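Student: Take this structure, written in structure tokens, and hold onto it; I'll ask about it next.
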Number of protein chains: 2
Amino acid sequence: MRLLLAGLLTAVAFAPLHAAEEKGAPARPIAIAVHGGAGTISREELTAEQEKAIHATLREALEQGHAILREGGSSLDAVTAAVKVLEDSPLFNAGKGAVFNCAGINELDAAIMDGSTMNAGAVAGLKQTKNPIELARLVMEQSPHVLLIGEGAESFGRQHNIAMVDPAYFQTPERRRQLDEVQKREGVVGCGEEQVVEDFDEDRYGTVGAVALDAGGNLAAATSTGGMTNKRFGRVGDVPIIGAGTYADNATAAISATGHGEYFIRAVAAHDIAARMAYGGLSLAEAANEVVMKKLKDMGGGGGVIAVDGKGNIVMPFNTSGMYRGYIDVKGETKTAIFAE
Amino acid sequence: MRLLLAGLLTAVAFAPLHAAEEKGAPARPIAIAVHGGAGTISREELTAEQEKAIHATLREALEQGHAILREGGSSLDAVTAAVKVLEDSPLFNAGKGAVFNCAGINELDAAIMDGSTMNAGAVAGLKQTKNPIELARLVMEQSPHVLLIGEGAESFGRQHNIAMVDPAYFQTPERRRQLDEVQKREGVVGCGEEQVVEDFDEDRYGTVGAVALDAGGNLAAATSTGGMTNKRFGRVGDVPIIGAGTYADNATAAISATGHGEYFIRAVAAHDIAARMAYGGLSLAEAANEVVMKKLKDMGGGGGVIAVDGKGNIVMPFNTSGMYRGYIDVKGETKTAIFAE
């Protein structure tokens with residue numbers, strides 16, 4: 001599969017409504033983008049088979065989401081479906097295949113936001129919820145709260161019959177190997193005090209997410225993650241922090257982030273992109289570029305975002321060597337990519 | 001004690017540097033503000049004795065923080081000291097005197113942010129940490145993470161010898177009475193599914209916080225809370241969400257919020273004030289007013305913020321009937337207040 005996205009800032013800027021109308025496509029644009037994590041992704045480490053599997057899974061997530069949008073479904077349903085595909089795949093750091101924390105346990109976080117109502121739901125520190133994004137959505141729709149954590153979140157999920165699994169379901173030999181390698185390199189097995197920020201590697205990033213625009217003009221964003229390999233027990237990254245890793249507002253954009261979460265929290269990265277559009281008059285591409293390629297990069301925060309605005313413009317900037325990503329744009333064109341081109 | 005602050009928007013706008021220099025005060029402005037929660041506060045419910053105690057404790061918090069600033073200490077130290085006074089008081093919903101969740105347990109959240117470095121630390125779901133703000137600061141300074149939750153957060157605190165207490169320490173008869181009253185009114189004892197957002201009362205808000213400007217020109221914000229009476233087990237509000245309830249950036253302002261946290265999260269309230277200043281060119285007073293008196297009010301999000309900018313301008317807007325609050329401004333003048341005047 002070819003890598004078609006050009007440049008660090010993969011801006012796909014169309015004038016979608018006009019273009020679509022001219023070509024006889026549906027008058028109301030729909031679009032979806034997904035990511036499967038950013039970081040140091042080297043061509044040497046990925047076998048041709050792995051690359052192929054990653055492209056195929058990204059494409060499957062896009063197609064499931066896009067089918068919903070084509071049938072007039074909501075962007076909320078589309079991003080939920082797309083993220084579930086990525087959670088269920090062992091290839092990505094969310095749901096099955098999540099990374100291990102320093103105690104050798106998987107702790108899962110997720111968030112979803114509805115740009116039409118500004119409603120949001122988020123969960124953190126899950127250990128048994130098969131699809132964290134489903135529980136995040138349940139929190140949004142069925143609880144008076146935005147963020148539920150730990151056992152309280154999962155007991156709420158059980159009350160509503162969300163699928164639970166044995167914690168072993170999430171574990172893969174590859175993620176165990178990664179934890180062992182990191183702990184061996186750092187000389188600390190378990191959750192020692194010696195962990196310091198300098199020890200983080202870009203290759204420990206990873207998250208999945210989706211953003212979409214539906215035919216009703218509504219934007220939605222969803223993100224799900226296992227966090228960071230060897231993270232401290234109880235650590236929560238940017239994913240469930242509305243405004244940091246996940247944000248959607250019909251007036252600006254839907255944004256899902258991936259990267260070194262601590263920097264995305266401190267930068268309030270997703271909301272900062274929306275705010276530069278709303279108050280500074282920047283386009284989505286300009287705003288996302290400033291936050292990812294300047295602000296976060298200057299802070300030392302490696303990672304990227306996917307974002308879509310109300311016209312269906314998609315951007316996917318990242319400041320690392322790679323980001324698993326893809327989109328189906330307003331013209332119906334599908335592309336997936338891993339490396340910067 | 002008189003209630004001196006006028007209007008819903010308590011804007012205290014000075015030209016601090018010039019004013020201070022003319023009067024022979026230190027050339028570099030220092031300022032501090034605190035809050036002890038916003039909500040429906042009726043004069044009838046507060047006895048004269050309670051009012052007096054609230055004013056005295058707000059003043060004590062201000063004075064401890066201001067003493068640090070006067071001696072050339074950092075705004076981080078000042079807000080930490082001020083919040084500790086409010087946590088230690090049973091009068092406010094943070095630390096001792098925190099409200100009960102639906103399971104009859106106290107779960108405490110806190111956050112702190114350093115506007116000079118954009119470093120931040122936050123904790124959520126604590127059950128034994130005497131001063132949550134101290135643990136938030138420890139997370140900021142001694143861990144590679146921003147947000148630690150639950151047992152993971154407290155085990156990190158224990159490693160660093162943070163003071164732990166028996167959970168009974170936090171409990172007061174008045175908070176128990178409030179929980180019983182709410183659960184009786186709603187007809188659900190414990191954590192039922194029947195809790196719906198419409199059931200929230202303004203009188204269940206409450207949080208403490210502090211913002212400060214030090215002589216080095218550095219801003220800091222700190223917030224601490226027990227959350228909301230009868231909250232679901234595991235619910236996290238806006239306080240530990242950097243950008244929602246707590247934010248500081250030397251380029252704009254230090255902000256600490258109190259109110260119906262779910263709305264503050266969805267509005268990314270604290271960062272939205274800073275963003276309107278940074279990208280929209282608004283003053284602190286204009287930006288805080290738009291977010292609290294328009295955006296949040298229109299969403300239905302009751303509450304308020306305290307904020308200080310790099311010149312020492314202090315604002316304290318709130319859209320509820322009262323907010324426990326006070327400040328010592330750049331002229332050294334101390335004021336505390338409860339109701340809108």
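The way I read the labels, and the way they are meant: chains A, B, ... in the order of the structure tokens, residue 1 as the first residue of every chain, and ligand 1 as the first ligand shown, with later ones counted on from there.
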So which residues of stretch 100-270 of chain A fall under strand (DSSP E) by DSSP, listed as a count of residues only?
Tutor: 43
Student: For the contact check between chain B and chain A, emit one row per residue of chain B within 8 Å, containing the shortest atom pair and the distance in Å rounded to one decimal, counting only C-alpha atoms, chain then rising number order, as a Markdown table.
Tutor:
| residue | atom | partner | partner_atom | distance |
| --- | --- | --- | --- | --- |
| B:Met118 | CA | A:Arg266 | CA | 6.2 |
| B:Asn119 | CA | A:Arg266 | CA | 6.6 |
| B:Ala120 | CA | A:Arg266 | CA | 6.5 |
| B:Ser143 | CA | A:Val196 | CA | 6.4 |
| B:Pro144 | CA | A:Val197 | CA | 4.3 |
| B:His145 | CA | A:Glu262 | CA | 6.1 |
| B:Val146 | CA | A:Glu262 | CA | 5.7 |
| B:Leu147 | CA | A:Val236 | CA | 5.4 |
| B:Leu148 | CA | A:Arg235 | CA | 4.5 |
| B:Ile149 | CA | A:Gly234 | CA | 4.9 |
| B:Gly150 | CA | A:Gly234 | CA | 6.4 |
| B:Glu151 | CA | A:Gly234 | CA | 6.9 |
| B:Gly152 | CA | A:Gly234 | CA | 4.3 |
| B:Ala153 | CA | A:Gly234 | CA | 6.1 |
| B:Gln159 | CA | A:Glu193 | CA | 7.6 |
| B:Glu193 | CA | A:Gln159 | CA | 7.7 |
| B:Gln195 | CA | A:Pro144 | CA | 7.2 |
| B:Val196 | CA | A:Pro144 | CA | 5.4 |
| B:Val197 | CA | A:Pro144 | CA | 4.2 |
| B:Arg232 | CA | A:Gly152 | CA | 7.2 |
| B:Phe233 | CA | A:Gly152 | CA | 4.8 |
| B:Gly234 | CA | A:Gly152 | CA | 4.2 |
| B:Arg235 | CA | A:Leu148 | CA | 4.5 |
| B:Val236 | CA | A:Leu147 | CA | 5.4 |
| B:Gly237 | CA | A:Leu147 | CA | 6.9 |
| B:Ile241 | CA | A:Ile241 | CA | 6.4 |
| B:Ile242 | CA | A:Ile265 | CA | 6.5 |
| B:Gly243 | CA | A:Val268 | CA | 6.1 |
| B:Glu262 | CA | A:Val146 | CA | 5.7 |
| B:Ile265 | CA | A:Ile242 | CA | 6.5 |
| B:Arg266 | CA | A:Met118 | CA | 6.2 |
| B:Ala267 | CA | A:Met118 | CA | 7.8 |
| B:Val268 | CA | A:Gly243 | CA | 6.1 |
| B:His271 | CA | A:Val268 | CA | 7.3 |
| B:Asp272 | CA | A:Ala275 | CA | 7.3 |
| B:Ala275 | CA | A:Ala275 | CA | 6.2 |
| B:Arg276 | CA | A:Tyr279 | CA | 6.2 |
| B:Tyr279 | CA | A:Gly280 | CA | 4.8 |
| B:Gly280 | CA | A:Tyr279 | CA | 4.8 |
Student: So how many Å separate atom CA of B:Asn313 and atom CA of B:Phe264, to one decimal?
Tutor: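 Distance reported for this atom pair: 22.5 Å.
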Student: Extract, using only C-alpha atoms, all DNA, RNA and protein residues at most 8 Å from A:Ile306, discarding same-chain residues fewer than 2 positions from it, and format them as a list in words.
Tutor: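 Counting only C-alpha atoms, the residues come to Ala33, Val34, His35, Ala210, Val211, Ile255, Ser256, Ala257, Gly304, Val308, Ile314, Val315, Met316 and Pro317 of chain A.
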Student: Using only C-alpha atoms, which protein or nucleic acid residues come within 6 Å of B:Asn218? Drop anything in the same chain fewer than 5 positions from it, and give the result as a PyMOL selection string.
Tutor: chain B and resi 116+213+250
Student: Using DSSP on the backbone, list every residue of stretch 143-243 of chain A that comes out as alpha helix (DSSP H), and give them as a PyMOL selection string.
Tutor: chain A and resi 150-159+173-186
Student: Just to be explicit: take each residue in the selection above, keep N, CA and C atoms, and write the result as a PDB file, in the first residue's frame.
Tutor:
ATOM      1  N   GLY A 150     -12.004   4.335  37.562  1.00  0.00           N
ATOM      2  CA  GLY A 150     -11.779   3.109  38.324  1.00  0.00           C
ATOM      3  C   GLY A 150     -13.016   2.254  38.532  1.00  0.00           C
ATOM      4  N   GLU A 151     -13.085   1.680  39.729  1.00  0.00           N
ATOM      5  CA  GLU A 151     -14.170   0.763  40.044  1.00  0.00           C
ATOM      6  C   GLU A 151     -15.544   1.414  39.958  1.00  0.00           C
ATOM      7  N   GLY A 152     -15.609   2.686  40.310  1.00  0.00           N
ATOM      8  CA  GLY A 152     -16.894   3.381  40.222  1.00  0.00           C
ATOM      9  C   GLY A 152     -17.390   3.408  38.787  1.00  0.00           C
ATOM     10  N   ALA A 153     -16.474   3.647  37.852  1.00  0.00           N
ATOM     11  CA  ALA A 153     -16.839   3.663  36.431  1.00  0.00           C
ATOM     12  C   ALA A 153     -17.310   2.278  35.996  1.00  0.00           C
ATOM     13  N   GLU A 154     -16.580   1.238  36.406  1.00  0.00           N
ATOM     14  CA  GLU A 154     -16.936  -0.105  35.940  1.00  0.00           C
ATOM     15  C   GLU A 154     -18.206  -0.619  36.619  1.00  0.00           C
ATOM     16  N   SER A 155     -18.465  -0.203  37.850  1.00  0.00           N
ATOM     17  CA  SER A 155     -19.715  -0.646  38.479  1.00  0.00           C
ATOM     18  C   SER A 155     -20.894   0.021  37.761  1.00  0.00           C
ATOM     19  N   PHE A 156     -20.705   1.255  37.324  1.00  0.00           N
ATOM     20  CA  PHE A 156     -21.740   1.920  36.514  1.00  0.00           C
ATOM     21  C   PHE A 156     -21.944   1.165  35.201  1.00  0.00           C
ATOM     22  N   GLY A 157     -20.842   0.739  34.578  1.00  0.00           N
ATOM     23  CA  GLY A 157     -20.945  -0.031  33.337  1.00  0.00           C
ATOM     24  C   GLY A 157     -21.683  -1.345  33.532  1.00  0.00           C
ATOM     25  N   ARG A 158     -21.386  -2.023  34.634  1.00  0.00           N
ATOM     26  CA  ARG A 158     -22.061  -3.300  34.900  1.00  0.00           C
ATOM     27  C   ARG A 158     -23.554  -3.102  35.081  1.00  0.00           C
ATOM     28  N   GLN A 159     -23.929  -2.014  35.779  1.00  0.00           N
ATOM     29  CA  GLN A 159     -25.362  -1.726  35.953  1.00  0.00           C
ATOM     30  C   GLN A 159     -26.070  -1.618  34.607  1.00  0.00           C
ATOM     31  N   PRO A 173       1.615 -10.896  24.212  1.00  0.00           N
ATOM     32  CA  PRO A 173       3.041 -11.156  24.509  1.00  0.00           C
ATOM     33  C   PRO A 173       3.933  -9.979  24.104  1.00  0.00           C
ATOM     34  N   GLU A 174       3.576  -9.307  23.030  1.00  0.00           N
ATOM     35  CA  GLU A 174       4.395  -8.189  22.549  1.00  0.00           C
ATOM     36  C   GLU A 174       4.416  -7.047  23.562  1.00  0.00           C
ATOM     37  N   ARG A 175       3.256  -6.740  24.152  1.00  0.00           N
ATOM     38  CA  ARG A 175       3.201  -5.655  25.140  1.00  0.00           C
ATOM     39  C   ARG A 175       3.943  -6.051  26.411  1.00  0.00           C
ATOM     40  N   ARG A 176       3.875  -7.320  26.785  1.00  0.00           N
ATOM     41  CA  ARG A 176       4.626  -7.802  27.943  1.00  0.00           C
ATOM     42  C   ARG A 176       6.125  -7.651  27.687  1.00  0.00           C
ATOM     43  N   ARG A 177       6.544  -8.007  26.471  1.00  0.00           N
ATOM     44  CA  ARG A 177       7.941  -7.887  26.101  1.00  0.00           C
ATOM     45  C   ARG A 177       8.393  -6.429  26.201  1.00  0.00           C
ATOM     46  N   GLN A 178       7.531  -5.502  25.751  1.00  0.00           N
ATOM     47  CA  GLN A 178       7.876  -4.078  25.798  1.00  0.00           C
ATOM     48  C   GLN A 178       8.075  -3.612  27.241  1.00  0.00           C
ATOM     49  N   LEU A 179       7.184  -4.069  28.134  1.00  0.00           N
ATOM     50  CA  LEU A 179       7.323  -3.678  29.541  1.00  0.00           C
ATOM     51  C   LEU A 179       8.630  -4.213  30.113  1.00  0.00           C
ATOM     52  N   ASP A 180       8.898  -5.506  29.853  1.00  0.00           N
ATOM     53  CA  ASP A 180      10.119  -6.119  30.371  1.00  0.00           C
ATOM     54  C   ASP A 180      11.346  -5.363  29.883  1.00  0.00           C
ATOM     55  N   GLU A 181      11.322  -4.981  28.628  1.00  0.00           N
ATOM     56  CA  GLU A 181      12.458  -4.295  28.027  1.00  0.00           C
ATOM     57  C   GLU A 181      12.689  -2.938  28.687  1.00  0.00           C
ATOM     58  N   VAL A 182      11.601  -2.200  28.878  1.00  0.00           N
ATOM     59  CA  VAL A 182      11.712  -0.873  29.488  1.00  0.00           C
ATOM     60  C   VAL A 182      12.186  -0.994  30.930  1.00  0.00           C
ATOM     61  N   GLN A 183      11.617  -1.952  31.679  1.00  0.00           N
ATOM     62  CA  GLN A 183      11.990  -2.071  33.091  1.00  0.00           C
ATOM     63  C   GLN A 183      13.426  -2.567  33.230  1.00  0.00           C
ATOM     64  N   LYS A 184      13.850  -3.413  32.285  1.00  0.00           N
ATOM     65  CA  LYS A 184      15.234  -3.889  32.307  1.00  0.00           C
ATOM     66  C   LYS A 184      16.186  -2.719  32.034  1.00  0.00           C
ATOM     67  N   ARG A 185      15.841  -1.909  31.037  1.00  0.00           N
ATOM     68  CA  ARG A 185      16.691  -0.779  30.667  1.00  0.00           C
ATOM     69  C   ARG A 185      16.800   0.212  31.815  1.00  0.00           C
ATOM     70  N   GLU A 186      15.671   0.423  32.520  1.00  0.00           N
ATOM     71  CA  GLU A 186      15.675   1.395  33.603  1.00  0.00           C
ATOM     72  C   GLU A 186      16.171   0.793  34.910  1.00  0.00           C
TER      73      GLU A 186
END
Student: When you look at B:His66 with a cut-off of 9 Å (counting only C-alpha atoms), what residues show up, excluding the ones that are within fewer than 2 positions of it in the same chain? I need them as a CSV table (one decimal) with N, CA and C atoms, in the first residue's frame.
Tutor:
chain,number,residue,atom,x,y,z
B,30,ILE,N,2.4,42.2,44.0
B,30,ILE,CA,2.0,40.8,44.5
B,30,ILE,C,0.5,40.9,44.8
B,31,ALA,N,-0.2,39.7,44.6
B,31,ALA,CA,-1.6,39.7,44.8
B,31,ALA,C,-2.0,38.2,45.0
B,32,ILE,N,-3.1,38.1,45.8
B,32,ILE,CA,-3.6,36.7,46.0
B,32,ILE,C,-5.1,36.8,46.2
B,61,ALA,N,-6.5,32.3,55.3
B,61,ALA,CA,-5.9,31.7,54.0
B,61,ALA,C,-5.1,32.8,53.2
B,62,LEU,N,-5.8,33.9,53.1
B,62,LEU,CA,-5.2,35.0,52.3
B,62,LEU,C,-3.9,35.5,53.0
B,63,GLU,N,-4.0,35.6,54.3
B,63,GLU,CA,-2.8,36.2,55.0
B,63,GLU,C,-1.6,35.2,55.0
B,64,GLN,N,-1.9,33.9,55.1
B,64,GLN,CA,-0.8,33.0,55.1
B,64,GLN,C,-0.1,33.0,53.7
B,68,ILE,N,3.9,34.8,52.5
B,68,ILE,CA,4.9,34.2,51.6
B,68,ILE,C,5.3,35.1,50.5
B,69,LEU,N,4.3,35.7,49.8
B,69,LEU,CA,4.5,36.6,48.7
B,69,LEU,C,5.4,37.8,49.2
B,70,ARG,N,5.0,38.4,50.3
B,70,ARG,CA,5.7,39.6,50.8
B,70,ARG,C,7.2,39.3,51.1
B,71,GLU,N,7.4,38.0,51.5
B,71,GLU,CA,8.8,37.7,51.8
B,71,GLU,C,9.6,37.2,50.5
B,78,ALA,N,2.6,30.2,47.8
B,78,ALA,CA,1.5,31.0,48.4
B,78,ALA,C,0.1,30.3,48.2
B,82,ALA,N,-2.3,28.7,51.1
B,82,ALA,CA,-3.7,29.2,51.3
B,82,ALA,C,-4.7,28.1,51.2
B,212,ALA,N,-2.4,33.3,42.6
B,212,ALA,CA,-1.5,34.4,43.1
B,212,ALA,C,-0.5,34.8,42.1
B,328,ILE,N,-6.2,39.8,48.7
B,328,ILE,CA,-5.4,40.9,49.1
B,328,ILE,C,-4.7,41.4,47.8
B,332,GLY,N,-2.3,45.9,48.8
B,332,GLY,CA,-2.2,45.3,50.2
B,332,GLY,C,-3.6,45.3,50.9
Student: What is the atom CA of B:Leu135 to atom CA of B:Ala111 distance in Å?
Tutor: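 These two atoms are separated by 8.8 Å.
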Student: Give me, please, the distance in Å between atom CA of A:Leu138 and atom CA of B:Phe100, quoted to one decimal.
Tutor: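 It comes out at 23.8 Å.
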Student: For each of B:Val188, B:Ala48, B:Ile105, B:Thr223, take the minimum atom-to-atom distance to B:Glu87, counting only C-alpha atoms, then give the residue where this is smallest.
Tutor: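 Of the candidates, the smallest distance to B:Glu87 is held by B:Thr223.
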Student: Just checking: using only C-alpha atoms, which residue out of A:Phe170, A:Phe92, A:Phe339, A:Phe318 ends up closest to A:Ser42?
Tutor: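 Between A:Phe170, A:Phe92, A:Phe339, A:Phe318, the residue approaching A:Ser42 most closely is A:Phe339.
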